[in-house]
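Participant: Quick one: structure below, then a few questions.
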Amino acid sequence: MSERMTKGSVIAQYLPERVTPVGETIAPVFAPSNIALCKYWGKRDVELNLPINSSLSISLAHLGTQTRLSVSDEDAVWLNGEKVAAQDKFARKVIAFIDLFRGPQGSPVKVETDNNIPTAAGLASSASGFAALMLAIDGFYGLKLDPQCLSAFARMGSGSASRSLYTGFVEWQMGVREDGMDSIALPLDSHWDALRIGLVKVSVAEKAVDSRSGMNRTVETAHLYQSWPLQAAADLERLHQAIADKNFTQLGETAEQNALSMHATMIAAWPPLLYWQPGSVAAMHRIWQARAEGVEVYFTMDAGPNLKLLFTAEAEAAVKHYFPDMEVIAPFG
């Protein structure tokens, strides 16, 4: 097409002519965080957050973000009970996203958002954050967008947010359309009651390099990245089969290799991008030791130092022996 598509130009096609609040405030809305078992890493369109590969995640149940919008005298963003400076990067991103729907001259709003997971520490707070913000916008302005639109628009705020509109297993389909409206997440009709996730928090500090910057650097400079889309596609198939068969070994092995392969592309970037800290590597060795000693546990990692362990309810006590401080989540419990 002759004119490049922007977030605003795509979203505008699905909005009424006039977007105004339907009331003074809305009840808080919640969106869960998610961890990808097959990772999203690399974009075919940076502006619209369109991925190079499809991905598959599982939600973190009660861990995520709660957000509320209210009519206000001025735009204001509150995070975990504290007002964020208007020029802060986080506040600017939130208001810029709201502008996509109300317009830059729209009525001022107060945004109250609360994370019960660390912000910007590689625990997918941006995914739940933009998913919750999208749901809040939909309710506050009475847009009544269908789930596919909600997922596509949340993705424009943070790619992984497309998956945080749902619970359980979710696949984010890469799509092929130029406007990205087929790049949406869909929930899998599958439950795995015995599946457990353990959060091993190595550091809750904000990352020195955010995921978006790290992703762009990897795609632009890492020759190793060329093999990533093919591996991600194969891993996605293996994960679908593992979920259908309730084959935990296949699920764990595929997720762990997928995560390590993604991190390998980062390490091969220039300048090198290594989110791991000494505690991350120590935890990996502890996991491999546990497996050698007969405890079936695997891990996955997003762009950060923290690990997410995968195991079954049957192995929970044994895994806690190696990681007594981990937080255990039952995604389907």
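Every chain in the structure tokens takes a letter, A first, then B, and so on in the order presented; its residues are numbered from 1, and the ligands are numbered from 1 following the presented order.
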Write down as JSON, numbers by chain the residues belonging to segment 25-85 of chain A that are assigned strand (DSSP E) by DSSP computed on the backbone.
Facilitator: {"A": [29, 30, 31, 32, 33, 34, 35, 36, 37, 38, 43, 44, 45, 50, 51, 55, 56, 57, 58, 59, 60, 61, 62, 63, 64, 65, 66, 67, 68, 69, 70, 71, 76, 77, 78, 79, 82, 83, 84]}
Participant: Please list as an MDAnalysis selection string every residue within 6 Å of Phe130 of chain A, counting only C-alpha atoms and excluding residues in the same chain fewer than 5 positions away.
Facilitator: chainID A and resid 154 157 161
Participant: Near Arg4 of chain A, within 10 Å and counting only C-alpha atoms, which residues show up once chain neighbours fewer than 6 positions away are dropped, as a PyMOL selection string?
Facilitator: chain A and resi 47+178-179
Participant: Based on the selection just made, write N, CA and C atoms of those residues as a CSV table (one decimal), in the first residue's frame.
Facilitator:
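The resulting file, result-v4.csv, is reproduced below:
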```
chain,number,residue,atom,x,y,z
A,47,GLU,N,5.9,-1.1,14.2
A,47,GLU,CA,4.8,-0.2,14.6
A,47,GLU,C,3.6,-0.9,15.1
A,178,GLU,N,-1.6,-7.2,6.4
A,178,GLU,CA,-0.8,-6.0,6.6
A,178,GLU,C,-1.3,-5.2,7.8
A,179,ASP,N,-2.6,-5.2,8.0
A,179,ASP,CA,-3.1,-4.4,9.1
A,179,ASP,C,-3.0,-5.1,10.5
```
Participant: Nearest to Leu165 of chain A among A:Ala31, A:Leu37, A:Leu260, A:Ala244, with distances taken over only C-alpha atoms: which residue is it?
Facilitator: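 With only C-alpha atoms as the atom set, the closest residue is A:Ala31.
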Participant: For Trp270 of chain A, which residue among A:Arg92, A:Arg291, A:His321, A:Arg217 is the nearest when counting only C-alpha atoms?
Facilitator: A:Arg217
Participant: Restricting the calculation to only C-alpha atoms, which member of A:Ala313, A:Ala76, A:Cys149, A:Ala282 is positioned closest to Pro108 of chain A?
Facilitator: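 Nearest to Pro108 of chain A: A:Ala76.
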Participant: I'd like the neighbourhood of segment 249-251 of chain A as a PDB file with C-alpha atoms, in the first residue's frame, where a residue qualifies if any of its atoms comes within 9 Å (using only C-alpha atoms), though same-chain residues fewer than 2 positions away should be ignored.
Facilitator:
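Saved file result30.pdb follows:
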```
ATOM      1  CA  LEU A  37       6.203 -21.937  26.374  1.00  0.00           C
ATOM      2  CA  ARG A 238       5.349 -30.206  19.571  1.00  0.00           C
ATOM      3  CA  LEU A 239       3.680 -28.219  22.335  1.00  0.00           C
ATOM      4  CA  HIS A 240       0.226 -28.612  20.791  1.00  0.00           C
ATOM      5  CA  GLN A 241       0.800 -32.363  20.634  1.00  0.00           C
ATOM      6  CA  ALA A 242       2.133 -32.478  24.204  1.00  0.00           C
ATOM      7  CA  ILE A 243      -0.930 -30.612  25.491  1.00  0.00           C
ATOM      8  CA  LYS A 246      -0.925 -34.607  28.390  1.00  0.00           C
ATOM      9  CA  ASN A 247       2.710 -35.564  27.727  1.00  0.00           C
ATOM     10  CA  GLU A 253      11.660 -30.467  27.156  1.00  0.00           C
ATOM     11  CA  THR A 254      10.222 -28.375  24.328  1.00  0.00           C
ATOM     12  CA  ALA A 255       9.611 -25.310  26.498  1.00  0.00           C
ATOM     13  CA  GLU A 256      13.103 -25.423  28.021  1.00  0.00           C
ATOM     14  CA  GLU A 296      11.116 -34.180  36.539  1.00  0.00           C
ATOM     15  CA  VAL A 297      11.242 -30.383  36.447  1.00  0.00           C
ATOM     16  CA  TYR A 298      11.963 -28.035  33.550  1.00  0.00           C
ATOM     17  CA  LEU A 310       7.358 -26.484  35.031  1.00  0.00           C
TER      18      LEU A 310
END
```
Participant: With only C-alpha atoms as the basis for distance, which of A:Ile184, A:Ala36, A:Leu50, A:Ile287 is at the shortest distance from Ala259 of chain A?
Facilitator: A:Ala36
Participant: Among the residues of segment 101-268 of chain A, find those DSSP assigns to helix (DSSP H, G or I) from the backbone and print them as a count of residues only.
Facilitator: 87
Participant: Which residues are near Gln231 of chain A? Cut-off 12 Å, only C-alpha atoms, ignore same chain within fewer than 4 positions. Put them as a list in words.
Facilitator: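 Once the adjacent positions are removed, what remains is Cys38, Lys39, Tyr40, Trp41, Ile52, Asn53, Ser54, Ser55, Leu224, Tyr225, Gln226, Ser227, Asp235, Leu236, Glu237, Arg238, Thr254, Ala255, Gln257, Asn258, Ala259, Leu260, Ser261, Met262 and Thr265 of chain A.
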Participant: Have a look at A:Thr25, A:Ile35, A:Val281, A:Pro104 and name the one nearest to Ser72 of chain A; count only C-alpha atoms.
Facilitator: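 Among A:Thr25, A:Ile35, A:Val281, A:Pro104, it is A:Thr25 that comes nearest to Ser72 of chain A.
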